[in-house]
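One file, input-v5.cif, is given below (mmCIF, C-alpha atoms and all ligand atoms).
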```cif
data_protein
#
loop_
_atom_site.label_atom_id
_atom_site.label_comp_id
_atom_site.auth_asym_id
_atom_site.auth_seq_id
_atom_site.Cartn_x
_atom_site.Cartn_y
_atom_site.Cartn_z
CA MET A 1 -22.55 -12.53 8.84
CA SER A 2 -24.37 -9.25 9.62
CA GLN A 3 -24.57 -6.44 7.07
CA GLY A 4 -23.16 -2.99 7.47
CA ALA A 5 -20.06 -3.65 9.56
CA ILE A 6 -17.29 -1.06 9.43
CA ILE A 7 -13.79 -2.50 9.16
CA ASP A 8 -11.57 -0.64 11.61
CA GLY A 9 -8.32 -0.36 9.66
CA ALA A 10 -6.83 2.01 12.22
CA ALA A 11 -7.25 -0.56 15.01
CA PHE A 12 -5.87 -3.41 12.87
CA ALA A 13 -2.90 -1.22 11.86
CA ALA A 14 -2.19 -0.36 15.51
CA GLY A 15 -2.15 -4.08 16.33
CA LEU A 16 0.21 -4.81 13.44
CA ARG A 17 2.53 -1.98 14.50
CA GLY A 18 2.59 -3.47 17.99
CA ARG A 19 3.55 -6.90 16.61
CA VAL A 20 6.26 -5.29 14.45
CA ALA A 21 7.67 -3.47 17.49
CA GLU A 22 7.85 -6.80 19.39
CA GLY A 23 9.53 -8.38 16.37
CA VAL A 24 12.04 -5.52 16.25
CA THR A 25 12.95 -6.09 19.92
CA ALA A 26 13.56 -9.78 19.23
CA PHE A 27 15.55 -8.89 16.08
CA ARG A 28 17.77 -6.47 18.02
CA ASP A 29 18.49 -9.16 20.64
CA ARG A 30 19.51 -11.70 18.02
CA ALA A 31 21.17 -9.50 15.39
CA GLY A 32 22.77 -6.97 17.73
CA ARG A 33 21.50 -4.11 15.58
CA ALA A 34 18.24 -2.37 14.71
CA PRO A 35 16.53 -2.63 11.29
CA GLY A 36 16.93 0.57 9.27
CA LEU A 37 14.62 2.28 6.78
CA ALA A 38 15.86 5.02 4.43
CA VAL A 39 13.22 7.36 3.01
CA VAL A 40 14.16 9.71 0.18
CA LEU A 41 12.12 12.82 -0.58
CA VAL A 42 12.87 14.97 -3.62
CA GLY A 43 11.26 18.40 -3.67
CA GLU A 44 8.64 19.99 -1.46
CA ASP A 45 5.30 18.45 -2.44
CA PRO A 46 3.20 19.10 0.72
CA ALA A 47 1.43 15.71 0.71
CA SER A 48 4.76 13.88 0.22
CA GLN A 49 6.30 15.86 3.09
CA VAL A 50 3.47 14.74 5.39
CA TYR A 51 3.86 11.08 4.29
CA VAL A 52 7.64 11.14 4.79
CA ARG A 53 7.32 12.72 8.23
CA SER A 54 4.74 10.10 9.32
CA LYS A 55 6.85 7.25 7.97
CA GLY A 56 9.96 8.49 9.83
CA LYS A 57 8.03 8.91 13.09
CA ALA A 58 6.41 5.46 12.82
CA THR A 59 9.80 3.86 12.04
CA VAL A 60 11.37 5.29 15.20
CA GLU A 61 8.29 4.36 17.29
CA ALA A 62 8.71 0.74 16.12
CA GLY A 63 12.30 0.75 17.43
CA MET A 64 13.94 0.94 14.01
CA LEU A 65 16.49 3.39 12.60
CA SER A 66 15.07 6.06 10.29
CA PHE A 67 17.31 7.72 7.71
CA GLU A 68 15.66 10.67 5.99
CA HIS A 69 17.22 12.11 2.84
CA LYS A 70 15.67 15.36 1.66
CA LEU A 71 16.88 16.56 -1.72
CA PRO A 72 16.02 19.81 -3.53
CA ALA A 73 13.36 19.82 -6.29
CA ASP A 74 16.02 20.43 -8.99
CA THR A 75 18.03 17.30 -8.06
CA SER A 76 19.32 15.55 -11.18
CA GLN A 77 18.52 11.93 -11.97
CA ASP A 78 22.24 11.08 -11.73
CA ASP A 79 22.48 12.52 -8.22
CA LEU A 80 19.39 10.61 -7.08
CA LEU A 81 20.68 7.37 -8.62
CA ALA A 82 24.03 7.92 -6.84
CA LEU A 83 22.19 8.23 -3.50
CA VAL A 84 20.21 5.05 -4.21
CA ARG A 85 23.45 3.18 -4.99
CA GLN A 86 24.96 4.48 -1.75
CA LEU A 87 21.93 3.23 0.22
CA ASN A 88 22.06 -0.14 -1.58
CA ALA A 89 25.63 -0.55 -0.31
CA ASP A 90 24.93 0.69 3.24
CA ALA A 91 24.79 -2.30 5.63
CA THR A 92 22.70 -0.35 8.17
CA VAL A 93 19.89 0.16 5.62
CA ASP A 94 17.38 -2.72 5.22
CA GLY A 95 14.69 -0.84 3.32
CA ILE A 96 14.80 1.97 0.76
CA LEU A 97 11.72 3.99 -0.11
CA VAL A 98 11.83 6.79 -2.67
CA GLN A 99 8.70 8.87 -2.16
CA LEU A 100 6.69 9.26 -5.37
CA PRO A 101 5.87 11.28 -7.39
CA LEU A 102 9.30 12.54 -8.43
CA PRO A 103 9.97 15.86 -10.20
CA LYS A 104 9.58 15.68 -13.97
CA GLN A 105 13.32 15.71 -14.81
CA ILE A 106 13.63 12.30 -13.12
CA ASP A 107 12.56 9.01 -14.70
CA GLU A 108 10.65 7.24 -11.90
CA GLN A 109 11.05 3.80 -13.44
CA ALA A 110 14.85 4.20 -13.65
CA VAL A 111 14.94 5.06 -9.95
CA ILE A 112 12.67 2.14 -8.98
CA GLU A 113 14.89 -0.23 -10.98
CA ALA A 114 18.07 1.12 -9.33
CA ILE A 115 16.90 0.01 -5.86
CA ASP A 116 18.34 -3.32 -4.71
CA PRO A 117 15.32 -5.70 -4.91
CA ALA A 118 16.36 -7.08 -1.49
CA LYS A 119 15.80 -3.58 0.00
CA ASP A 120 12.74 -2.68 -2.10
CA VAL A 121 10.26 -2.47 0.80
CA ASP A 122 7.72 -0.73 -1.46
CA GLY A 123 7.71 -3.81 -3.72
CA PHE A 124 7.72 -1.72 -6.92
CA HIS A 125 10.88 -3.18 -8.50
CA PRO A 126 10.06 -5.37 -11.54
CA VAL A 127 11.91 -8.26 -9.89
CA ASN A 128 9.51 -8.14 -6.93
CA ALA A 129 6.46 -7.59 -9.17
CA GLY A 130 7.56 -10.58 -11.28
CA ARG A 131 8.21 -12.75 -8.24
CA LEU A 132 4.74 -11.92 -6.89
CA ALA A 133 3.17 -12.84 -10.25
CA SER A 134 5.20 -16.09 -10.26
CA GLY A 135 4.02 -17.07 -6.79
CA LEU A 136 7.49 -16.61 -5.25
CA ASP A 137 8.47 -14.84 -2.02
CA SER A 138 8.81 -11.12 -2.68
CA PHE A 139 8.26 -7.71 -1.23
CA VAL A 140 4.61 -6.89 -1.86
CA PRO A 141 3.46 -3.25 -2.22
CA CYS A 142 2.28 -1.99 1.17
CA THR A 143 -1.25 -0.81 0.36
CA PRO A 144 -2.53 -3.97 -1.37
CA LEU A 145 -0.87 -6.21 1.22
CA GLY A 146 -2.64 -4.17 3.91
CA CYS A 147 -5.95 -4.63 2.06
CA LEU A 148 -5.39 -8.39 1.93
CA MET A 149 -4.68 -8.51 5.67
CA LEU A 150 -7.98 -6.71 6.37
CA LEU A 151 -9.86 -9.09 4.05
CA LYS A 152 -8.38 -12.22 5.63
CA ASP A 153 -9.04 -10.88 9.11
CA ARG A 154 -12.69 -10.34 8.19
CA LEU A 155 -13.39 -13.34 5.96
CA GLY A 156 -10.78 -15.96 6.83
CA ASP A 157 -10.35 -18.27 3.84
CA LEU A 158 -10.90 -16.34 0.58
CA SER A 159 -10.71 -19.42 -1.64
CA GLY A 160 -13.32 -19.54 -4.42
CA LEU A 161 -14.71 -16.05 -3.77
CA ASP A 162 -15.41 -13.71 -6.69
CA ALA A 163 -13.26 -10.58 -6.37
CA VAL A 164 -13.30 -7.41 -8.43
CA VAL A 165 -10.37 -5.00 -8.29
CA ILE A 166 -11.20 -1.61 -9.82
CA GLY A 167 -7.94 -0.03 -10.98
CA ARG A 168 -4.85 -1.56 -12.61
CA SER A 169 -1.94 0.56 -11.36
CA ASN A 170 1.38 -1.10 -10.53
CA ILE A 171 1.10 0.32 -7.01
CA VAL A 172 -2.35 -0.94 -6.03
CA GLY A 173 -4.58 -2.63 -8.62
CA LYS A 174 -2.24 -5.17 -10.24
CA PRO A 175 -0.52 -6.40 -7.05
CA MET A 176 -3.94 -6.54 -5.33
CA ALA A 177 -5.24 -8.78 -8.10
CA GLN A 178 -2.14 -11.01 -7.82
CA LEU A 179 -2.60 -11.35 -4.07
CA LEU A 180 -6.28 -12.30 -4.43
CA LEU A 181 -5.38 -14.82 -7.14
CA ARG A 182 -2.78 -16.29 -4.77
CA GLU A 183 -5.63 -16.72 -2.26
CA SER A 184 -7.57 -18.65 -4.95
CA CYS A 185 -10.19 -15.97 -5.59
CA THR A 186 -11.71 -15.68 -9.05
CA VAL A 187 -10.37 -12.24 -9.93
CA THR A 188 -11.68 -9.62 -12.33
CA ILE A 189 -9.60 -6.49 -12.93
CA ALA A 190 -11.70 -3.50 -13.99
CA HIS A 191 -10.35 -0.20 -15.36
CA SER A 192 -11.39 2.88 -17.28
CA ARG A 193 -12.29 0.85 -20.40
CA THR A 194 -14.43 -1.70 -18.57
CA ARG A 195 -17.96 -1.92 -19.97
CA ASP A 196 -20.83 -1.77 -17.48
CA LEU A 197 -18.74 -1.58 -14.35
CA ALA A 198 -21.84 -1.73 -12.13
CA ASP A 199 -22.72 -5.12 -13.61
CA VAL A 200 -19.17 -6.41 -13.06
CA VAL A 201 -19.17 -5.20 -9.45
CA ARG A 202 -22.60 -6.75 -8.77
CA ARG A 203 -21.12 -10.27 -9.20
CA ALA A 204 -18.38 -9.79 -6.61
CA ASP A 205 -18.09 -11.11 -3.06
CA ILE A 206 -15.06 -8.83 -2.62
CA VAL A 207 -14.75 -5.34 -4.13
CA VAL A 208 -11.48 -3.41 -3.95
CA ALA A 209 -11.79 0.14 -5.31
CA ALA A 210 -8.48 1.85 -6.22
CA VAL A 211 -9.50 4.45 -8.76
CA GLY A 212 -9.06 7.98 -7.42
CA ARG A 213 -12.64 9.12 -8.22
CA PRO A 214 -14.69 10.36 -5.28
CA ARG A 215 -17.69 8.12 -4.38
CA MET A 216 -17.75 6.48 -7.81
CA VAL A 217 -18.91 3.02 -6.65
CA LYS A 218 -22.56 3.25 -5.60
CA GLY A 219 -24.35 1.11 -3.03
CA ASP A 220 -26.78 -0.33 -5.59
CA TRP A 221 -23.83 -1.74 -7.58
CA LEU A 222 -23.03 -4.13 -4.72
CA LYS A 223 -24.04 -7.74 -4.23
CA PRO A 224 -25.70 -7.75 -0.80
CA GLY A 225 -23.19 -8.87 1.82
CA ALA A 226 -20.10 -8.06 -0.29
CA THR A 227 -16.92 -7.04 1.51
CA VAL A 228 -15.78 -3.64 0.26
CA ILE A 229 -12.23 -2.29 0.56
CA ASP A 230 -12.00 1.38 -0.37
CA VAL A 231 -8.42 2.40 -1.23
CA GLY A 232 -9.31 5.80 -2.68
CA ILE A 233 -8.20 8.99 -0.99
CA ASN A 234 -9.96 11.99 -2.53
CA ARG A 235 -10.12 15.48 -1.11
CA VAL A 236 -13.49 17.11 -1.82
CA ASP A 237 -15.12 20.42 -1.06
CA ALA A 238 -17.00 20.32 2.25
CA GLY A 239 -18.41 23.86 1.98
CA GLU A 240 -17.47 27.00 3.91
CA GLY A 241 -13.97 26.87 2.40
CA LYS A 242 -13.24 23.49 4.01
CA THR A 243 -12.32 20.14 2.45
CA ARG A 244 -12.68 16.55 3.60
CA LEU A 245 -11.43 13.12 2.54
CA VAL A 246 -13.72 10.61 0.85
CA GLY A 247 -13.06 7.27 -0.79
CA ASP A 248 -13.85 5.83 -4.22
CA VAL A 249 -16.98 4.22 -2.75
CA ASP A 250 -20.14 6.12 -1.85
CA PHE A 251 -19.94 5.07 1.80
CA GLU A 252 -23.46 6.13 2.84
CA SER A 253 -25.24 4.11 0.14
CA ALA A 254 -22.79 1.17 0.35
CA LEU A 255 -22.85 0.66 4.13
CA PRO A 256 -26.38 -0.83 4.41
CA LEU A 257 -25.73 -3.33 1.60
CA ALA A 258 -22.12 -4.30 2.23
CA GLY A 259 -21.32 -7.15 4.60
CA ALA A 260 -18.40 -5.01 5.71
CA ILE A 261 -16.69 -1.90 4.40
CA THR A 262 -13.57 0.15 5.15
CA PRO A 263 -14.21 3.83 5.90
CA VAL A 264 -12.15 6.73 4.55
CA PRO A 265 -10.25 7.92 6.51
CA LYS A 266 -9.21 5.25 9.08
CA GLY A 267 -9.68 2.30 6.77
CA VAL A 268 -6.91 1.28 4.36
CA GLY A 269 -4.81 4.43 4.92
CA PRO A 270 -3.27 3.48 8.30
CA MET A 271 -2.43 0.00 6.96
CA THR A 272 0.05 1.36 4.41
CA ILE A 273 2.60 2.61 6.97
CA ALA A 274 2.07 -0.42 9.24
CA VAL A 275 2.88 -2.76 6.33
CA LEU A 276 5.91 -0.63 5.39
CA LEU A 277 7.30 -1.23 8.89
CA ARG A 278 6.44 -4.92 8.58
CA ASN A 279 8.22 -5.16 5.21
CA THR A 280 11.31 -3.43 6.64
CA LEU A 281 11.51 -5.89 9.53
CA VAL A 282 10.99 -8.81 7.14
CA GLY A 283 13.79 -7.45 4.91
CA ALA A 284 16.14 -7.12 7.89
CA CYS A 285 15.41 -10.71 8.99
CA ARG A 286 16.05 -12.00 5.46
CA ARG A 287 19.32 -10.08 5.14
CA ASP A 288 20.58 -11.43 8.48
CA GLY A 289 19.33 -14.98 7.82
CA LEU A 290 16.87 -14.87 10.75
CA ASP A 291 13.33 -16.27 10.88
CA VAL A 292 10.55 -13.75 10.29
CA PRO A 293 8.50 -13.45 13.53
CA ALA A 294 5.10 -15.21 13.47
CA GLY A 295 1.97 -13.07 13.06
CA LEU A 296 3.41 -10.68 10.51
P1 LIG B 301 -3.85 5.44 -10.64
O1 LIG B 301 -4.33 6.78 -11.09
O2 LIG B 301 -2.46 5.02 -10.93
O3 LIG B 301 -4.83 4.31 -11.21
C1 LIG B 301 -6.22 4.48 -11.22
C2 LIG B 301 -6.86 3.33 -11.91
O4 LIG B 301 -8.27 3.56 -11.93
C3 LIG B 301 -6.42 3.13 -13.36
O5 LIG B 301 -6.14 1.78 -13.60
C4 LIG B 301 -7.64 3.60 -14.16
O6 LIG B 301 -7.83 2.87 -15.37
C5 LIG B 301 -8.78 3.30 -13.24
N1 LIG B 301 -9.92 4.15 -13.52
C6 LIG B 301 -9.95 5.48 -13.71
N2 LIG B 301 -11.19 5.90 -13.97
C7 LIG B 301 -11.97 4.80 -13.96
C8 LIG B 301 -13.34 4.58 -14.18
N3 LIG B 301 -14.18 5.58 -14.45
N4 LIG B 301 -13.82 3.33 -14.09
C9 LIG B 301 -12.99 2.30 -13.79
N5 LIG B 301 -11.68 2.45 -13.56
C10 LIG B 301 -11.17 3.69 -13.66
O7 LIG B 301 -4.13 5.43 -9.06
P2 LIG B 301 -3.51 4.53 -7.88
O8 LIG B 301 -3.73 3.10 -8.15
O9 LIG B 301 -2.14 5.01 -7.55
O10 LIG B 301 -4.44 5.01 -6.67
C11 LIG B 301 -5.84 4.82 -6.70
C12 LIG B 301 -6.46 5.52 -5.51
O11 LIG B 301 -5.93 4.96 -4.30
C13 LIG B 301 -6.17 7.02 -5.42
O12 LIG B 301 -7.30 7.67 -4.83
C14 LIG B 301 -5.01 7.10 -4.46
O13 LIG B 301 -4.96 8.34 -3.77
C15 LIG B 301 -5.36 5.99 -3.51
N6 LIG B 301 -4.20 5.41 -2.83
C16 LIG B 301 -4.33 5.22 -1.49
C17 LIG B 301 -3.31 4.65 -0.76
C18 LIG B 301 -3.49 4.43 0.69
O14 LIG B 301 -2.55 4.34 1.43
N7 LIG B 301 -4.75 4.26 1.15
C19 LIG B 301 -2.02 4.31 -1.39
C20 LIG B 301 -2.02 4.44 -2.83
C21 LIG B 301 -3.08 5.01 -3.50
P3 LIG B 301 -6.82 2.96 -16.63
O15 LIG B 301 -5.66 2.10 -16.26
O16 LIG B 301 -7.62 2.40 -17.74
O17 LIG B 301 -6.47 4.41 -16.79
#
```

Now, as a test, write the supplied structure out as structure tokens.
Amino acid sequence: MSQGAIIDGAAFAAGLRGRVAEGVTAFRDRAGRAPGLAVVLVGEDPASQVYVRSKGKATVEAGMLSFEHKLPADTSQDDLLALVRQLNADATVDGILVQLPLPKQIDEQAVIEAIDPAKDVDGFHPVNAGRLASGLDSFVPCTPLGCLMLLKDRLGDLSGLDAVVIGRSNIVGKPMAQLLLRESCTVTIAHSRTRDLADVVRRADIVVAAVGRPRMVKGDWLKPGATVIDVGINRVDAGEGKTRLVGDVDFESALPLAGAITPVPKGVGPMTIAVLLRNTLVGACRRDGLDVPAGL
């Protein structure tokens, strides 16, 4: 395989969204209803507002129902939990997503655990995390599932490959490692206490960076030909009062050595919403006892 290929996550995500939209049409014909996704936003964090708006728009474009719940920043935990319970009981809602982070008066874990695991399209509920770790069917967090789709599209069978996941969050690193293990990779999970990270990365056929540190992974850390998935989204100073987005990997030095690499932006980012739509359709099929369409 040639070196230096750029993995077009935006194009793959557009294809997945198209397949979801076709699946939604088939679901509507059989179930006589549209799948529904409820997104809850508490407060006015600008980045969260952008994410919620994009998720709502993409949901409607896929032919699904979008229910947006915007609550003030001083919402109490009890009020948020009451809304989650109401959405759990609402037959028109197949997926519930509470946008994180939440204001400090609210215990995020309590909210995650209040969501019905059968509607937990973010895959953050401990039941879904445990099912993933046990090799059972579950909702899988959108970003790592999107990364896995890109890897399988590029490499096909991942069995026996050495994979390093940098980062051990519940949202990205840990589920990513579980997914790669499920594909029979030999998985190393690196984190802030890892000794000689460069040496660990140098052994890997697959590198997934989910750290949140701009351009931390350097090109000369890579095994030549490695496939690099850059999850990081970091806003850095671009001079003249402007900013730009960069990943956790130093793209310029990594590109000539990597077999393939995702850019930032237009790499992993667009996959997250596409997989959210996919998970919502899958949840709707499961709730109505219908087969999940092929190709998702
Ligand atoms: P967290 O902050 O929750 O986790 C970061 C992880 O990186 C931790 O496990 C931490 O280790 C590890 N880490 C920190 N510094 C180092 C270091 N110097 N060397 C090795 N490991 C280190 O972040 P998330 O997992 O939520 O997100 C990671 C990145 O991915 C962020 O840039 C985020 O914006 C982005 N992201 C992108 C998404 C997308 O759609 N593309 C979606 C979600 C996140 P320790 O546990 O020891 O502290």

Could you pull the residues within 12 Å of Gly15 (chain A), counting all atoms listed in the file, minus those fewer than 4 positions along the same chain, as a count of residues only? 18

Enumerate residues in contact with ligand LIG 301 (chain B): an atom-to-atom distance of at most 7 Å, counting all atoms listed in the file. Format the result as number ranges by chain. A: 143, 166-169, 171-173, 190-194, 197, 210-213, 231-234, 248, 268-270, 272

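Compared by their closest atoms to Thr280 (chain A), and using all atoms listed in the file, the residues A:Gln99, A:Thr59, A:Thr227, A:Ser76 rank with A:Thr59 nearest.
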
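Residue neighbourhood of Thr75 (chain A), excluding near-sequence residues (fewer than 4 positions): Val40, Leu41, Val42, Gly43, Glu44, Lys70, Leu71, Asp79, Leu80, Leu81, Ala82, Leu83, Leu102, Pro103, Lys104, Gln105, Ile106 and Asp107 of chain A, at 12 Å, using all atoms listed in the file.
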
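Every protein, DNA or RNA residue with an atom at most 9 Å from Val207 (chain A), where all atoms listed in the file count and chain neighbours fewer than 6 positions away do not, is listed here: Asp162, Ala163, Val164, Val165, Ile166, Val201, Leu222, Ala226, Thr227, Val228, Ile229 and Asp230 of chain A.
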
For the residues in that selection, give me C-alpha atoms as a CSV table (one decimal), keeping the file's coordinate frame.
```csv
chain,number,residue,atom,x,y,z
A,162,ASP,CA,-15.4,-13.7,-6.7
A,163,ALA,CA,-13.3,-10.6,-6.4
A,164,VAL,CA,-13.3,-7.4,-8.4
A,165,VAL,CA,-10.4,-5.0,-8.3
A,166,ILE,CA,-11.2,-1.6,-9.8
A,201,VAL,CA,-19.2,-5.2,-9.4
A,222,LEU,CA,-23.0,-4.1,-4.7
A,226,ALA,CA,-20.1,-8.1,-0.3
A,227,THR,CA,-16.9,-7.0,1.5
A,228,VAL,CA,-15.8,-3.6,0.3
A,229,ILE,CA,-12.2,-2.3,0.6
A,230,ASP,CA,-12.0,1.4,-0.4
```

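Checking A:Val187, A:Val208, A:Ala34, A:Val292 one by one against Ala91 (chain A), counting all atoms listed in the file, you find the shortest gap at A:Ala34.
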
Using all atoms listed in the file, list the residues that have an atom at most 9 Å from (17.8, 3.3, 7.9), coordinates as in the file, as a list in words. Ala34, Pro35, Gly36, Leu37, Ala38, Val39, Met64, Leu65, Ser66, Phe67, Glu68, Leu87, Asp90, Thr92, Val93, Asp94, Gly95 and Ile96 of chain A

Put the listed atoms of region 208-223 of chain A in a box along x, y and z with 3 Å added on every side and give me the centre and edge lengths in Å to one decimal, as AutoDock Vina command-line options.
```
--center_x -17.6 --center_y 1.3 --center_z -5.9 --size_x 24.3 --size_y 24.1 --size_z 11.7
```

Do you have the CA of Glu252 (chain A)-CA of Leu145 (chain A) distance handy?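 These two atoms are separated by 25.8 Å.
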
The distance between CA of Ala133 (chain A) and CA of Leu281 (chain A) is 22.6 Å

I want to know what sits within 9 Å of Lys55 (chain A), based on only C-alpha atoms, with residues of the same chain fewer than 2 positions away left out; could you give that as a PDB file with C-alpha atoms, in the frame of the given file?
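Final output, saved to part.pdb:
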```pdb
ATOM      1  CA  VAL A  39      13.220   7.360   3.010  1.00  0.00           C
ATOM      2  CA  VAL A  50       3.470  14.740   5.390  1.00  0.00           C
ATOM      3  CA  TYR A  51       3.860  11.080   4.290  1.00  0.00           C
ATOM      4  CA  VAL A  52       7.640  11.140   4.790  1.00  0.00           C
ATOM      5  CA  ARG A  53       7.320  12.720   8.230  1.00  0.00           C
ATOM      6  CA  LYS A  57       8.030   8.910  13.090  1.00  0.00           C
ATOM      7  CA  ALA A  58       6.410   5.460  12.820  1.00  0.00           C
ATOM      8  CA  THR A  59       9.800   3.860  12.040  1.00  0.00           C
ATOM      9  CA  VAL A  60      11.370   5.290  15.200  1.00  0.00           C
ATOM     10  CA  SER A  66      15.070   6.060  10.290  1.00  0.00           C
ATOM     11  CA  ILE A 273       2.600   2.610   6.970  1.00  0.00           C
ATOM     12  CA  LEU A 276       5.910  -0.630   5.390  1.00  0.00           C
ATOM     13  CA  LEU A 277       7.300  -1.230   8.890  1.00  0.00           C
TER      14      LEU A 277
END
```

Atomic distance CA of Pro256 (chain A) - CA of Gln3 (chain A), expressed in Å with one decimal: 6.5 Å

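Close contacts of region 122-129 of chain A, defined as residues with an atom at most 7 Å away when counting only C-alpha atoms, with chain neighbours fewer than 2 positions off set aside, comprise Leu97, Ile112, Glu113, Pro117, Asp120, Arg131, Leu132, Ala133, Ser138, Phe139, Val140, Pro141, Cys142 and Ile171 of chain A.
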